[in-house]
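S.K.: Dropping in input22.txt, with compact mmCIF, C-alpha atoms.
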```txt
# COMPACT_ATOMS: atom_id res chain seq x y z
CA MET A 1 205.61 16.77 136.25
CA LYS A 2 204.05 16.69 132.79
CA PRO A 3 200.58 15.07 132.63
CA HIS A 4 201.58 12.20 130.32
CA ILE A 5 204.58 11.32 132.52
CA LYS A 6 202.41 11.53 135.62
CA TYR A 7 199.91 9.03 134.26
CA MET A 8 202.68 6.71 133.06
CA VAL A 9 203.91 6.62 136.68
CA LEU A 10 200.37 5.84 137.84
CA LEU A 11 200.06 3.03 135.29
CA LEU A 12 203.42 1.54 136.28
CA CYS A 13 202.54 1.61 139.98
CA ALA A 14 199.13 0.11 139.34
CA THR A 15 200.70 -2.71 137.30
CA THR A 16 203.19 -3.41 140.09
CA ASN A 17 200.39 -3.50 142.66
CA LEU A 18 198.38 -5.89 140.50
CA LEU A 19 201.27 -8.32 140.21
CA GLN A 20 201.87 -8.21 143.96
CA ALA A 21 198.17 -8.69 144.70
CA GLN A 22 198.23 -11.96 142.79
CA GLU A 23 200.81 -13.36 145.23
CA GLU A 24 200.00 -11.71 148.58
CA PRO A 25 198.06 -13.63 151.24
CA LYS A 26 194.52 -12.72 152.23
CA LEU A 27 192.61 -13.33 155.41
CA VAL A 28 189.70 -15.71 154.89
CA ALA A 29 186.96 -17.10 157.10
CA LYS A 30 189.14 -20.07 158.09
CA ASP A 31 191.66 -17.68 159.63
CA SER A 32 189.15 -16.53 162.25
CA ILE A 33 187.91 -18.50 165.24
CA VAL A 34 185.37 -18.00 167.97
CA LYS A 35 187.10 -16.62 171.06
CA SER A 36 184.13 -16.44 173.41
CA SER A 37 180.39 -17.06 173.22
CA TRP A 38 177.24 -18.30 174.83
CA ILE A 39 176.08 -21.78 173.82
CA ILE A 40 172.65 -23.30 174.31
CA GLY A 41 171.96 -26.96 173.62
CA LEU A 42 169.03 -29.32 173.22
CA GLY A 43 169.35 -33.05 172.84
CA TYR A 44 169.17 -36.52 174.32
CA ASN A 45 170.74 -38.07 177.39
CA ILE A 46 171.53 -41.74 178.00
CA VAL A 47 171.92 -43.06 181.55
CA ASP A 48 173.93 -46.21 182.29
CA ASP A 49 173.32 -47.07 185.98
CA SER A 50 174.04 -50.77 185.71
CA GLY A 51 176.50 -50.75 188.60
CA ASP A 52 179.29 -52.42 186.60
CA VAL A 53 181.02 -49.04 185.99
CA PHE A 54 183.21 -49.52 182.89
CA ASP A 55 182.79 -53.28 182.29
CA GLU A 56 180.15 -52.94 179.56
CA LEU A 57 180.26 -49.41 178.24
CA LEU A 58 178.47 -50.23 175.00
CA ALA A 59 175.46 -52.30 176.04
CA PRO A 60 172.50 -50.19 174.90
CA GLY A 61 170.02 -53.03 174.87
CA ASP A 62 170.51 -54.05 178.50
CA GLN A 63 171.91 -51.00 180.26
CA TRP A 64 171.16 -47.76 178.42
CA ASN A 65 168.09 -45.76 179.41
CA VAL A 66 167.02 -43.16 176.84
CA LEU A 67 163.81 -41.34 175.97
CA PRO A 68 162.52 -41.02 172.39
CA TYR A 69 162.32 -37.22 172.65
CA PRO A 70 164.79 -34.43 173.59
CA SER A 71 165.49 -34.69 177.31
CA ARG A 72 168.54 -32.52 177.93
CA ILE A 73 168.89 -28.73 177.91
CA SER A 74 172.01 -26.70 178.61
CA ILE A 75 173.34 -23.17 178.56
CA GLY A 76 176.93 -22.11 179.02
CA ARG A 77 179.39 -19.25 178.74
CA TYR A 78 182.75 -19.97 177.11
CA PHE A 79 185.78 -17.69 177.37
CA ASP A 80 188.89 -16.95 175.33
CA SER A 81 190.97 -18.72 178.00
CA GLY A 82 189.35 -22.03 177.03
CA ILE A 83 187.34 -22.21 180.24
CA GLY A 84 183.60 -22.84 179.96
CA VAL A 85 180.90 -22.62 182.64
CA GLU A 86 177.75 -24.61 181.91
CA ALA A 87 174.40 -25.42 183.54
CA ILE A 88 172.59 -28.60 182.48
CA GLY A 89 169.17 -30.04 183.16
CA THR A 90 168.26 -33.64 182.23
CA TYR A 91 165.27 -35.93 182.53
CA ASN A 92 165.12 -39.66 181.86
CA LYS A 93 163.33 -42.86 182.90
CA TYR A 94 164.69 -46.17 184.11
CA ALA A 95 162.83 -48.64 181.91
CA VAL A 96 161.49 -51.99 183.07
CA GLY A 97 163.86 -54.79 182.08
CA LYS A 98 167.01 -52.67 182.09
CA PHE A 99 169.99 -53.63 184.29
CA ILE A 100 170.01 -51.07 187.16
CA ASP A 101 172.32 -51.17 190.21
CA GLY A 102 173.34 -54.77 189.48
CA ARG A 103 169.86 -56.19 188.99
CA THR A 104 167.01 -56.22 186.48
CA ASN A 105 164.69 -53.24 186.94
CA LEU A 106 161.08 -54.21 187.67
CA GLU A 107 159.45 -50.79 187.93
CA GLU A 108 159.72 -47.69 185.74
CA THR A 109 161.17 -44.75 187.70
CA ASP A 110 162.05 -41.16 186.85
CA TYR A 111 165.54 -39.72 186.60
CA TYR A 112 166.23 -35.99 187.22
CA GLY A 113 169.56 -34.26 187.03
CA ILE A 114 170.68 -30.65 187.51
CA ASP A 115 174.41 -30.14 187.03
CA ALA A 116 176.98 -27.37 186.73
CA ARG A 117 180.41 -27.91 185.29
CA LEU A 118 183.68 -26.29 184.28
CA THR A 119 185.21 -27.39 181.00
CA TYR A 120 188.46 -26.71 179.20
CA ASP A 121 188.81 -26.52 175.41
CA LEU A 122 191.65 -28.88 174.44
CA ASN A 123 192.18 -26.90 171.24
CA LYS A 124 194.05 -24.43 173.44
CA ILE A 125 196.69 -27.15 173.77
CA ILE A 126 196.56 -29.05 170.48
CA GLY A 127 195.77 -26.05 168.24
CA GLN A 128 192.56 -24.66 166.81
CA THR A 129 190.80 -26.57 164.05
CA GLY A 130 187.82 -24.21 163.63
CA TRP A 131 185.33 -27.09 163.41
CA PHE A 132 186.34 -29.71 166.02
CA ASP A 133 186.38 -28.80 169.74
CA PRO A 134 187.30 -31.56 172.20
CA TYR A 135 186.99 -30.74 175.89
CA LEU A 136 187.41 -32.09 179.42
CA GLY A 137 185.53 -30.96 182.48
CA VAL A 138 184.58 -31.39 186.12
CA GLY A 139 181.48 -30.37 187.97
CA ALA A 140 178.87 -31.02 190.60
CA GLY A 141 175.14 -31.41 190.71
CA TYR A 142 172.03 -32.98 192.14
CA THR A 143 170.55 -36.20 190.80
CA GLU A 144 167.50 -38.22 191.74
CA ALA A 145 167.70 -41.70 190.23
CA ASN A 146 166.09 -45.00 191.14
CA ASN A 147 164.23 -43.12 193.94
CA GLU A 148 167.56 -42.19 195.55
CA PRO A 149 168.37 -38.45 195.66
CA ARG A 150 172.05 -37.60 195.88
CA ALA A 151 174.56 -34.83 195.35
CA THR A 152 177.18 -35.77 192.78
CA TYR A 153 180.60 -34.74 191.67
CA ASN A 154 181.16 -35.27 187.98
CA ALA A 155 183.81 -35.66 185.31
CA VAL A 156 183.14 -35.21 181.61
CA VAL A 157 184.85 -35.81 178.29
CA GLY A 158 183.33 -34.68 175.01
CA PHE A 159 183.64 -32.81 171.78
CA ARG A 160 181.68 -30.42 169.62
CA THR A 161 181.74 -30.39 165.84
CA TRP A 162 180.60 -27.25 164.04
CA PHE A 163 178.75 -26.88 160.75
CA SER A 164 179.02 -23.08 160.96
CA ASP A 165 179.99 -20.39 163.45
CA ARG A 166 176.63 -20.88 165.16
CA LEU A 167 175.30 -24.40 164.66
CA GLY A 168 176.90 -27.68 165.66
CA LEU A 169 176.60 -31.02 167.44
CA ASP A 170 177.76 -31.85 170.97
CA PHE A 171 178.68 -35.34 172.21
CA SER A 172 179.83 -36.09 175.74
CA SER A 173 180.09 -38.74 178.43
CA SER A 174 180.03 -37.97 182.15
CA GLY A 175 180.85 -40.05 185.20
CA LYS A 176 178.67 -39.08 188.18
CA TRP A 177 179.76 -40.13 191.68
CA ALA A 178 177.34 -39.95 194.62
CA ALA A 179 178.62 -37.67 197.40
CA ASN A 180 176.14 -37.94 200.28
CA ASN A 181 174.08 -41.10 199.91
CA ASP A 182 175.62 -44.53 200.53
CA GLN A 183 172.56 -46.17 198.98
CA ALA A 184 173.01 -44.36 195.69
CA THR A 185 175.29 -45.86 193.04
CA ASN A 186 177.67 -44.14 190.70
CA HIS A 187 176.64 -44.06 187.07
CA LEU A 188 177.47 -42.84 183.57
CA GLN A 189 175.48 -40.31 181.57
CA HIS A 190 176.05 -39.84 177.84
CA ALA A 191 174.64 -36.94 175.83
CA ALA A 192 174.17 -35.97 172.18
CA GLY A 193 172.44 -32.91 170.85
CA VAL A 194 172.32 -29.78 168.76
CA VAL A 195 174.09 -26.65 170.03
CA TYR A 196 173.62 -23.03 169.01
CA GLN A 197 176.24 -20.37 169.61
CA PHE A 198 175.40 -16.68 170.13
CA GLY A 199 176.94 -13.58 171.68
CA ILE A 200 180.04 -14.48 169.70
CA THR A 201 183.37 -12.67 169.94
CA LYS A 202 185.74 -13.69 167.16
CA GLY A 203 189.46 -13.37 166.69
CA LEU A 204 192.29 -14.70 164.55
CA SER A 205 193.83 -18.14 164.90
CA LYS A 206 197.60 -18.44 165.24
CA LYS A 207 197.81 -19.06 161.49
CA GLY A 208 195.60 -16.04 160.89
CA GLU A 209 197.75 -13.85 163.13
CA ALA A 210 200.88 -14.86 161.19
CA LYS A 211 199.10 -14.13 157.91
CA LEU A 212 197.95 -10.74 159.24
CA ALA A 213 201.53 -9.83 160.18
CA LEU A 214 202.65 -10.66 156.64
CA ILE A 215 199.79 -8.64 155.14
CA GLU A 216 200.70 -5.64 157.31
CA GLU A 217 204.30 -5.86 156.16
CA LEU A 218 203.22 -5.90 152.52
CA ASP A 219 200.85 -2.99 153.21
CA ALA A 220 203.77 -0.97 154.58
CA GLN A 221 205.75 -1.59 151.39
CA ARG A 222 202.77 -0.63 149.29
CA GLN A 223 202.35 2.58 151.25
CA LYS A 224 205.72 3.82 149.97
CA GLN A 225 204.49 3.39 146.41
CA GLN A 226 201.17 4.99 147.18
CA ASP A 227 202.89 8.08 148.60
CA SER A 228 204.55 8.66 145.23
CA ILE A 229 201.21 8.82 143.43
CA ALA A 230 199.22 10.61 146.15
CA ALA A 231 199.68 14.07 144.59
CA ALA A 232 198.48 12.85 141.19
CA GLU A 233 195.50 11.13 142.81
CA ARG A 234 194.55 14.32 144.66
CA GLU A 235 194.60 16.27 141.43
CA ARG A 236 192.36 13.72 139.76
CA GLU A 237 190.02 13.60 142.73
CA GLU A 238 189.66 17.38 142.75
CA ALA A 239 188.78 17.26 139.08
CA ASP A 240 186.13 14.63 139.78
CA LEU A 241 184.71 16.32 142.85
CA ALA A 242 182.68 18.99 141.10
CA ALA A 243 181.19 16.45 138.69
CA ARG A 244 180.40 14.06 141.54
CA LEU A 245 178.71 16.78 143.59
CA ALA A 246 176.61 17.80 140.62
CA LYS A 247 175.66 14.18 140.00
CA GLU A 248 174.75 13.63 143.65
CA LYS A 249 172.62 16.76 143.63
CA GLU A 250 170.77 15.57 140.54
CA GLU A 251 170.33 12.08 142.04
CA ALA A 252 168.94 13.62 145.21
CA ARG A 253 166.49 15.69 143.17
CA LEU A 254 165.36 12.63 141.22
CA ALA A 255 165.06 10.58 144.39
CA ALA A 256 162.93 13.26 146.01
CA ALA A 257 160.73 13.44 142.92
CA GLU A 258 160.36 9.65 142.85
CA LYS A 259 159.51 9.58 146.56
CA ALA A 260 156.88 12.26 146.03
CA ARG A 261 155.43 10.27 143.13
CA LEU A 262 155.31 7.04 145.17
CA ASP A 263 153.83 8.86 148.16
CA ALA A 264 151.13 10.30 145.92
CA LEU A 265 150.38 6.83 144.50
CA LYS A 266 150.24 5.38 148.00
CA GLN A 267 147.93 8.15 149.14
CA ARG A 268 145.71 7.60 146.11
CA GLU A 269 145.57 3.85 146.74
CA THR A 270 144.74 4.45 150.41
CA GLU A 271 141.94 6.85 149.52
CA ILE A 272 140.44 4.39 147.02
CA ARG A 273 140.83 1.49 149.45
CA ASN A 274 139.12 3.49 152.20
CA GLU A 275 136.21 4.30 149.90
CA ILE A 276 135.83 0.62 148.97
CA ASP A 277 136.17 -0.54 152.58
CA ALA A 278 133.51 1.96 153.64
CA LEU A 279 131.01 0.13 151.40
CA GLY A 280 131.64 -3.25 153.10
CA PHE A 281 131.14 -6.64 151.45
CA ALA A 282 128.28 -7.82 149.28
CA TYR A 283 126.59 -10.55 151.32
CA PHE A 284 124.39 -13.43 150.15
CA ASP A 285 121.53 -15.35 151.67
CA LEU A 286 121.97 -19.02 152.58
CA ASN A 287 122.33 -21.28 149.50
CA SER A 288 121.70 -18.27 147.25
CA SER A 289 123.86 -16.64 144.60
CA TYR A 290 121.43 -13.81 143.90
CA LEU A 291 122.07 -10.30 145.12
CA ASN A 292 119.66 -8.91 147.70
CA ALA A 293 118.80 -5.21 147.96
CA LYS A 294 121.51 -4.49 150.52
CA SER A 295 124.21 -6.12 148.41
CA LYS A 296 123.04 -4.28 145.29
CA LYS A 297 123.41 -1.04 147.20
CA VAL A 298 127.02 -1.97 147.99
CA LEU A 299 127.66 -2.76 144.30
CA ASP A 300 125.99 0.49 143.22
CA GLY A 301 128.47 2.34 145.40
CA LEU A 302 131.32 0.29 143.98
CA ALA A 303 130.19 1.10 140.42
CA ASP A 304 130.29 4.80 141.32
CA ILE A 305 133.85 4.41 142.62
CA LEU A 306 134.90 2.63 139.41
CA ALA A 307 133.35 5.45 137.39
CA LYS A 308 135.20 7.98 139.55
CA TYR A 309 138.55 6.27 138.95
CA PRO A 310 138.65 5.16 135.27
CA GLU A 311 142.01 3.38 135.66
CA LEU A 312 140.89 1.36 138.67
CA GLU A 313 140.76 -2.42 138.23
CA LEU A 314 139.53 -4.94 140.81
CA GLN A 315 139.57 -8.61 141.61
CA ILE A 316 136.23 -9.88 142.90
CA THR A 317 136.48 -12.87 145.24
CA SER A 318 133.37 -14.75 146.33
CA HIS A 319 132.99 -17.11 149.26
CA THR A 320 130.53 -19.41 151.05
CA ASP A 321 130.07 -20.54 154.62
CA SER A 322 131.19 -24.03 155.62
CA ARG A 323 127.78 -25.70 155.40
CA GLY A 324 127.27 -28.06 152.50
CA THR A 325 129.88 -30.09 150.62
CA SER A 326 133.10 -28.54 149.33
CA ALA A 327 132.09 -29.29 145.73
CA TYR A 328 128.72 -27.60 146.22
CA ASN A 329 130.32 -24.57 147.87
CA ASP A 330 132.85 -24.26 145.04
CA TRP A 331 129.97 -24.23 142.55
CA LEU A 332 127.98 -21.76 144.67
CA SER A 333 130.90 -19.33 145.02
CA GLU A 334 131.41 -19.48 141.23
CA ARG A 335 127.76 -18.48 140.82
CA ARG A 336 128.12 -15.68 143.33
CA VAL A 337 131.20 -14.19 141.72
CA THR A 338 129.55 -14.43 138.30
CA HIS A 339 126.43 -12.60 139.50
CA THR A 340 128.54 -9.98 141.29
CA LYS A 341 130.55 -9.23 138.16
CA ALA A 342 127.44 -9.30 135.96
CA TYR A 343 125.72 -6.71 138.13
CA LEU A 344 128.70 -4.35 137.90
CA VAL A 345 128.90 -4.82 134.12
CA LYS A 346 125.18 -4.05 133.94
CA ARG A 347 125.95 -0.83 135.81
CA GLY A 348 128.34 0.18 133.03
CA VAL A 349 131.65 -1.18 134.33
CA SER A 350 133.86 -2.72 131.63
CA ALA A 351 134.28 -6.46 132.15
CA GLU A 352 138.00 -6.09 131.37
CA ARG A 353 138.41 -4.12 134.59
CA LEU A 354 137.07 -6.98 136.71
CA ASP A 355 138.95 -10.17 137.51
CA THR A 356 137.19 -12.92 139.46
CA GLU A 357 138.12 -15.77 141.78
CA ALA A 358 135.85 -18.22 143.61
CA TYR A 359 137.15 -19.72 146.84
CA GLY A 360 134.21 -21.74 148.12
CA GLU A 361 134.55 -22.33 151.87
CA THR A 362 138.38 -22.12 151.96
CA HIS A 363 138.65 -18.48 153.17
CA LEU A 364 136.43 -18.33 156.25
CA LEU A 365 136.59 -15.10 158.26
CA ASN A 366 135.85 -16.75 161.58
CA GLU A 367 135.93 -20.08 163.41
CA CYS A 368 132.77 -21.46 161.78
CA ASP A 369 134.23 -24.51 160.04
CA ASP A 370 132.74 -27.99 159.66
CA ASN A 371 133.69 -28.89 163.24
CA THR A 372 132.39 -25.77 165.02
CA TYR A 373 128.79 -24.83 165.71
CA CYS A 374 127.90 -21.23 164.86
CA ASP A 375 124.65 -19.32 164.73
CA GLU A 376 123.27 -17.89 161.48
CA GLU A 377 124.71 -14.43 162.13
CA LYS A 378 128.24 -15.81 162.23
CA HIS A 379 127.73 -17.97 159.12
CA GLN A 380 126.45 -14.84 157.32
CA GLU A 381 129.90 -13.22 157.72
CA ASN A 382 131.37 -15.82 155.35
CA ARG A 383 128.77 -15.60 152.54
CA ARG A 384 130.30 -12.62 150.75
CA SER A 385 131.97 -11.04 147.76
CA GLU A 386 135.12 -9.03 148.47
CA PHE A 387 136.92 -6.47 146.30
CA VAL A 388 140.71 -6.29 145.92
CA ILE A 389 142.51 -3.47 144.10
CA THR A 390 144.76 -4.82 141.33
CA LYS A 391 145.42 -1.58 139.44
CA PHE A 392 144.67 2.05 140.11
```
Output the file's structure as structure tokens, nothing else.
M.R.:
Amino acid sequence: MKPHIKYMVLLLCATTNLLQAQEEPKLVAKDSIVKSSWIIGLGYNIVDDSGDVFDELLAPGDQWNVLPYPSRISIGRYFDSGIGVEAIGTYNKYAVGKFIDGRTNLEETDYYGIDARLTYDLNKIIGQTGWFDPYLGVGAGYTEANNEPRATYNAVVGFRTWFSDRLGLDFSSSGKWAANNDQATNHLQHAAGVVYQFGITKGLSKKGEAKLALIEELDAQRQKQQDSIAAAEREREEADLAARLAKEKEEARLAAAEKARLDALKQRETEIRNEIDALGFAYFDLNSSYLNAKSKKVLDGLADILAKYPELELQITSHTDSRGTSAYNDWLSERRVTHTKAYLVKRGVSAERLDTEAYGETHLLNECDDNTYCDEEKHQENRRSEFVITKF
């Protein structure tokens, strides 16, 4: 086949593919659903132990007992079959004045519940929505309420609504029937909380599976067209291979050179930093901004390092201890950083190579703040000028 005819065939096929691509379906996030996962939850629980069962379901003022902080924790494993296995722990209090077991409660008592349950995802029956998961369940547990411990068998109805694949809200209501204590009453327990999903296995919804089948059919048709241009593509690819290999080799060489350059810069910075760190800080006496002999020795060493590395630039930061007012310490640290810089300039260091910042008492190196007693030695650690490399 002549080259110009060959490329006309390629152009025609590419145009045909483009037109088909505008119409063909594509799998999107909405086509996938969570098949199985672990779910942990944290939220609130509401106990209705009024004794009137379903007569007044919505009587929060008189019958609902709820704590102002999260009081329910759960963890569960949910399977592709729609079955879920969940363990739940709850804590609550029966408040004074609430209607408990048919009478007004006169003493605050604790409520504890440990339950296990099996649930079934109703979306397996009504169809997946991807964001709304209603469920039914049964279970058993142990509850101590109103000073009456009892085993319970439970029934639950609820739903989860999802903001993403991982985060959502869970709302449920459970009936809990006492199994082994005639003195214990049956009661309702409602729950609302945040749930987090992990260990996720995803798959396609029924709509997604149908779309995938259509995509595969279109792919098979496209394959016939692609076979007709495969030979021409191979010829072009072979022509590009040598150029690509040469380019990759050059890129690898440049990358290695850049890495060596960066490693050398890092090594240089480390060496300079180590030399500066070996000098230590320039320390000041209490309420003083003047350099003592020991601090001048540190700055003499620093001046030698700056002379050794002409491109080196530093930021000098000066600090105080926590004693005195913040305004005074700000002023004092300004004085200290000014004297530190002035000494280095006097030693022949260009002022343009030195940036300064005064922090007062805001950057303490230890626990010696206004509320903590420390001896003089510990306060001394904070009266300092430090040196930070900004350019090298």
S.K.: Of the candidates A:Asp375, A:Glu250, A:Gly41, A:Asp330, which one gets nearest to Arg160 in chain A if we count only C-alpha atoms?
M.R.: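 Closest candidate: A:Gly41.
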S.K.: Which residues, written as a PDB file with C-alpha atoms, in the frame of the given file, have at least one atom at most 9 Å from Ala358 in chain A, with all atoms listed in the file counted and residues fewer than 2 positions away on the same chain left out?
M.R.:
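Contents of the output file around-v4.pdb:
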```
ATOM      1  CA  ILE A 316     136.230  -9.880 142.900  1.00  0.00           C
ATOM      2  CA  THR A 317     136.480 -12.870 145.240  1.00  0.00           C
ATOM      3  CA  SER A 318     133.370 -14.750 146.330  1.00  0.00           C
ATOM      4  CA  HIS A 319     132.990 -17.110 149.260  1.00  0.00           C
ATOM      5  CA  ASP A 330     132.850 -24.260 145.040  1.00  0.00           C
ATOM      6  CA  TRP A 331     129.970 -24.230 142.550  1.00  0.00           C
ATOM      7  CA  LEU A 332     127.980 -21.760 144.670  1.00  0.00           C
ATOM      8  CA  SER A 333     130.900 -19.330 145.020  1.00  0.00           C
ATOM      9  CA  GLU A 334     131.410 -19.480 141.230  1.00  0.00           C
ATOM     10  CA  ARG A 335     127.760 -18.480 140.820  1.00  0.00           C
ATOM     11  CA  ARG A 336     128.120 -15.680 143.330  1.00  0.00           C
ATOM     12  CA  VAL A 337     131.200 -14.190 141.720  1.00  0.00           C
ATOM     13  CA  THR A 356     137.190 -12.920 139.460  1.00  0.00           C
ATOM     14  CA  GLY A 360     134.210 -21.740 148.120  1.00  0.00           C
TER      15      GLY A 360
END
```
S.K.: Could you tell me which of A:Gly97, A:Pro68, A:Gly141, A:Gly203 comes closest to Asn180 in chain A if we count only C-alpha atoms?
M.R.: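 The shortest atom-to-atom distance to Asn180 in chain A comes from A:Gly141.
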S.K.: I'd like the box whose edges run along x, y and z of the file and which contains every listed atom of range 62-80 of chain A, padded by 5 Å per side; could you state its centre and edge lengths in Å, one decimal, as JSON?
M.R.:
```
{"center_x": 175.6, "center_y": -35.5, "center_z": 176.3, "size_x": 36.6, "size_y": 47.1, "size_z": 17.9}
```
S.K.: Neighbouring residues of Leu364 in chain A were defined as those with any atom within 9 Å, considering only C-alpha atoms; residues of the same chain fewer than 4 positions away were excluded. Please report them as a list in words.
M.R.: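 Residues near the query, excluding close chain neighbours: His319, Thr320, Asp321, Ser322, Cys368, Asp369, Glu381, Asn382 and Arg383 of chain A.
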S.K.: Dump C-alpha atoms for the selected residues as a compact mmCIF listing (two decimals), in the coordinates of the input?
M.R.:
```txt
# COMPACT_ATOMS: atom_id res chain seq x y z
CA HIS A 319 132.99 -17.11 149.26
CA THR A 320 130.53 -19.41 151.05
CA ASP A 321 130.07 -20.54 154.62
CA SER A 322 131.19 -24.03 155.62
CA CYS A 368 132.77 -21.46 161.78
CA ASP A 369 134.23 -24.51 160.04
CA GLU A 381 129.90 -13.22 157.72
CA ASN A 382 131.37 -15.82 155.35
CA ARG A 383 128.77 -15.60 152.54
```
S.K.: Calculated over all atoms listed in the file, which of the candidates A:Leu306, A:Leu67, A:Ile229, A:Ile75 has the smallest distance to Gln197 in chain A?
M.R.: A:Ile75
S.K.: Nearest residue to Arg268 in chain A out of A:Trp64, A:Tyr328, A:Phe392, A:Tyr343, using only C-alpha atoms?
M.R.: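 Closest to Arg268 in chain A, using only C-alpha atoms: A:Phe392.
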S.K.: CA of Asp121 in chain A to CA of Val85 in chain A: how many Å, to one decimal?
M.R.: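 So the two atoms, CA of Asp121 in chain A and CA of Val85 in chain A, lie 11.4 Å apart.
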S.K.: Using only C-alpha atoms, find all polymer residues with an atom at most 12 Å away from the point (158.6, -43.1, 180.0); report them as a PyMOL selection string.
M.R.: chain A and resi 65-69+71+91-96+107-111
S.K.: Can you measure CA of Ile46 in chain A to CA of Ile83 in chain A for me? One decimal in Å is fine.
M.R.: 25.2 Å
S.K.: Please provide the set of residues having any atom within 12 Å of Ser172 in chain A, restricted to all atoms listed in the file, with same-chain residues fewer than 6 positions apart removed, written as a VMD selection string.
M.R.: chain A and resid 43 to 46 119 133 to 137 155 to 161 188 to 193
S.K.: Kindly extract all protein, DNA and RNA residues lying within 12 Å of the coordinates (196.3, -12.8, 159.6) given in the file, considering all atoms listed in the file, and supply them as a PyMOL selection string.
M.R.: chain A and resi 24-33+203-217
S.K.: Point out the residue among A:Ile276, A:Thr325, A:Asn287, A:Phe281 with the least atom-to-atom distance to Lys308 in chain A, counting all atoms listed in the file.
M.R.: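 Once distances to Lys308 in chain A are computed over all atoms listed in the file, the minimum belongs to A:Ile276.
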S.K.: So the first atom is CA of Glu357 in chain A and the second is CA of Tyr373 in chain A; what is the distance between them in Å, to one decimal place?
M.R.: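 Distance between the two atoms: 27.2 Å.
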S.K.: I'd like to know which of A:Ala351, A:Leu254, A:Val138, A:Val388 is closest to Gly280 in chain A, using all atoms listed in the file.
M.R.: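 Of A:Ala351, A:Leu254, A:Val138, A:Val388, the one nearest Gly280 in chain A, counting all atoms listed in the file, is A:Val388.
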S.K.: Working from the structure I just supplied, which lacks atoms in range 251-255 of chain A, can you model all heavy atoms there and output them as a JSON list (two decimals), in the frame of the given file?
M.R.:
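Saved as selection-v1.json:
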```
[["chain", "number", "residue", "atom", "x", "y", "z"],
["A", 251, "GLU", "N", 170.91, 13.33, 141.52],
["A", 251, "GLU", "CA", 170.33, 12.08, 142.04],
["A", 251, "GLU", "C", 169.40, 12.34, 143.20],
["A", 251, "GLU", "O", 168.35, 11.70, 143.33],
["A", 251, "GLU", "CB", 171.46, 11.13, 142.45],
["A", 251, "GLU", "CG", 172.21, 10.54, 141.27],
["A", 251, "GLU", "CD", 173.41, 9.70, 141.71],
["A", 251, "GLU", "OE1", 173.76, 9.76, 142.91],
["A", 251, "GLU", "OE2", 173.98, 8.99, 140.86],
["A", 252, "ALA", "N", 169.80, 13.28, 144.07],
["A", 252, "ALA", "CA", 168.94, 13.62, 145.21],
["A", 252, "ALA", "C", 167.62, 14.23, 144.74],
["A", 252, "ALA", "O", 166.56, 13.94, 145.30],
["A", 252, "ALA", "CB", 169.67, 14.57, 146.15],
["A", 253, "ARG", "N", 167.71, 15.07, 143.71],
["A", 253, "ARG", "CA", 166.49, 15.69, 143.17],
["A", 253, "ARG", "C", 165.57, 14.63, 142.59],
["A", 253, "ARG", "O", 164.35, 14.63, 142.83],
["A", 253, "ARG", "CB", 166.85, 16.73, 142.10],
["A", 253, "ARG", "CG", 165.65, 17.51, 141.56],
["A", 253, "ARG", "CD", 166.04, 18.33, 140.36],
["A", 253, "ARG", "NE", 166.35, 17.50, 139.22],
["A", 253, "ARG", "CZ", 165.44, 16.93, 138.43],
["A", 253, "ARG", "NH1", 164.14, 17.09, 138.68],
["A", 253, "ARG", "NH2", 165.80, 16.19, 137.40],
["A", 254, "LEU", "N", 166.16, 13.69, 141.81],
["A", 254, "LEU", "CA", 165.36, 12.63, 141.22],
["A", 254, "LEU", "C", 164.77, 11.71, 142.28],
["A", 254, "LEU", "O", 163.63, 11.25, 142.16],
["A", 254, "LEU", "CB", 166.22, 11.82, 140.24],
["A", 254, "LEU", "CG", 166.69, 12.57, 138.99],
["A", 254, "LEU", "CD1", 167.65, 11.71, 138.18],
["A", 254, "LEU", "CD2", 165.50, 13.00, 138.14],
["A", 255, "ALA", "N", 165.55, 11.44, 143.32],
["A", 255, "ALA", "CA", 165.06, 10.58, 144.39],
["A", 255, "ALA", "C", 163.89, 11.22, 145.11],
["A", 255, "ALA", "O", 162.90, 10.57, 145.45],
["A", 255, "ALA", "CB", 166.19, 10.27, 145.37]]
```
